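First comes the structure, then the notes that go with it.
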Amino acid sequence: MADVCIKTYIESDNAIHQCDIFSNVEYIEYIKEEEMIFEYSKITFPNVIVLTQACDLAQDNALRKQGNVIQNHDQLLVSVIVAPIYNFEDFRVGDHLKQLGMNMQNMGRINRSKCENIIKNENKRYHYLRFEDDVKLVNSVIDFKHYFSCNAAYLLGEYDSSYVYSIDSLYREFITQRFSNFLSRIGLPDPIE
């Protein structure tokens, strides 16, 4: 698929939607307790995109609006699936996880085949995002291997301060379809040399 600009629109209902982008989202790597001393490791991602399906989010949003009168909580989401979106230039040179002490692959120049395939969304692992000029986000990439769950109530509680943008519905479906295709791929053994 050719390089396309991600169109955005603003949701005003303070609800989480598929492919919403949030900033400064915390991920707890681990918590350890030893003799009443707690140690934890937390990563704050500058931007994440919501990858949970729209129908699940819609049911959750409708139930949460009912407040304390909810009779049955089985349709509420405990967490939503999110993935970090990385600055494409940092990703391209392998520096996007440098703060975590991780050296990533250098993809080379933009016009080389590795980068070009990512920009054209021909690599199943990655999804390239090019935003309109009026959006305060740089060209970015989603690495579908880097996803995690985020507590839905936490994300809603931080909504006013961390909501950034919503991606247009046509592009939402494309992104989440690519994510689900990546997750459902069949792992085959390496060929015998």
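In the structure tokens, chains take the letters A, B, ... in the order shown, each chain's residues start at 1, and ligands count up from 1 in the order shown.
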
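Within stretch 107-190 of chain A, DSSP applied to the backbone places the following residues in strand (DSSP E): Tyr126, His127, Tyr128, Leu129, Arg130, Phe131, Ser140, Val141, Ile142, Asp143, Phe148, Ser149, Cys150, Asn151, Tyr163, Val164, Tyr165, Ser166 and Ile167 of chain A.
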
Legend entry - Selection: 9 Å around A:Phe91, only C-alpha atoms, excl. self and same-chain fewer than 3 positions, as a PyMOL selection string: chain A and resi 86-88+94-97+104-107+140-141

Could you write out the selected residues, including N, CA and C atoms, as a compact mmCIF listing (two decimals), in the first residue's frame?
# COMPACT_ATOMS: atom_id res chain seq x y z
N TYR A 86 6.48 4.82 17.68
CA TYR A 86 7.83 5.34 17.77
C TYR A 86 8.07 6.40 16.69
N ASN A 87 8.83 7.42 17.05
CA ASN A 87 9.29 8.41 16.09
C ASN A 87 10.02 7.65 14.99
N PHE A 88 9.61 7.85 13.73
CA PHE A 88 10.17 7.06 12.64
C PHE A 88 11.66 7.28 12.47
N GLY A 94 17.53 2.92 14.74
CA GLY A 94 17.62 1.95 15.84
C GLY A 94 17.73 2.56 17.21
N ASP A 95 17.38 3.83 17.37
CA ASP A 95 17.51 4.52 18.66
C ASP A 95 16.19 4.65 19.44
N HIS A 96 15.11 4.08 18.95
CA HIS A 96 13.81 4.32 19.57
C HIS A 96 13.65 3.71 20.95
N LEU A 97 14.47 2.75 21.32
CA LEU A 97 14.41 2.17 22.67
C LEU A 97 15.74 2.35 23.41
N MET A 104 18.57 -1.44 18.81
CA MET A 104 17.69 -2.01 17.80
C MET A 104 18.38 -1.94 16.44
N GLN A 105 17.84 -2.68 15.49
CA GLN A 105 18.41 -2.75 14.16
C GLN A 105 18.35 -1.40 13.45
N ASN A 106 19.45 -1.01 12.81
CA ASN A 106 19.49 0.19 11.99
C ASN A 106 18.90 -0.18 10.64
N MET A 107 17.81 0.48 10.26
CA MET A 107 17.11 0.17 9.02
C MET A 107 17.75 0.84 7.80
N SER A 140 5.60 8.29 12.30
CA SER A 140 5.83 7.30 13.34
C SER A 140 5.67 5.89 12.79
N VAL A 141 6.00 4.93 13.62
CA VAL A 141 5.84 3.53 13.25
C VAL A 141 5.34 2.75 14.46

Q. Any idea what the distance is between atom CA of A:Ser169 and atom CA of A:Leu57?
A.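 Computing the Euclidean distance for atom CA of A:Ser169 and atom CA of A:Leu57 yields 14.0 Å.
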
At what distance in Å, to one decimal, does atom CA of A:Gly157 lie from atom CA of A:Phe22?
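So the two atoms, atom CA of A:Phe22 and atom CA of A:Gly157, lie 12.0 Å apart.
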
Q | Exercise: A:Glu26 partners within 8 Å, only C-alpha atoms, chain neighbours under 5 positions left out, as a list in words | A |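 Everything that qualifies: Lys42, Ile43, Thr44 and Phe45 of chain A.
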
- Task: Please identify all polymer residues within 12 Å of A:Arg185, counting only C-alpha atoms, omitting same-chain residues fewer than 3 positions from it, and present them as a list in words.
- Result: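 Contacts, with the query itself left out: Lys124, Arg125, Phe144, Arg178, Phe179, Ser180, Asn181, Phe182 and Leu188 of chain A.
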
*Give me the residues within 12 Å of A:Phe174 as a PyMOL selection string, counting only C-alpha atoms and dropping any in the same chain fewer than 5 places off.*
chain A and resi 1+4+6+18-19+51+53+121+127-129+167-169+179-181

- Message: What's around A:Lys136 at 10 Å? Count only C-alpha atoms, leave out sequence neighbours fewer than 4 positions away in its own chain, and write the answer as an MDAnalysis selection string.
- Response: chainID A and resid 131:132 164:165

Restricted to N, CA and C atoms, what would the selected residues look like written as a PDB file, in the first residue's frame?
ATOM      1  N   PHE A 131       1.354  11.595   9.529  1.00  0.00           N
ATOM      2  CA  PHE A 131       0.263  12.454   9.968  1.00  0.00           C
ATOM      3  C   PHE A 131       0.168  13.727   9.129  1.00  0.00           C
ATOM      4  N   GLU A 132      -1.027  14.306   9.127  1.00  0.00           N
ATOM      5  CA  GLU A 132      -1.224  15.580   8.455  1.00  0.00           C
ATOM      6  C   GLU A 132      -0.354  16.644   9.121  1.00  0.00           C
ATOM      7  N   VAL A 164      -4.550  12.338  22.701  1.00  0.00           N
ATOM      8  CA  VAL A 164      -3.897  13.143  21.678  1.00  0.00           C
ATOM      9  C   VAL A 164      -4.794  13.294  20.458  1.00  0.00           C
ATOM     10  N   TYR A 165      -5.074  12.192  19.783  1.00  0.00           N
ATOM     11  CA  TYR A 165      -5.875  12.220  18.558  1.00  0.00           C
ATOM     12  C   TYR A 165      -6.564  10.891  18.338  1.00  0.00           C
TER      13      TYR A 165
END
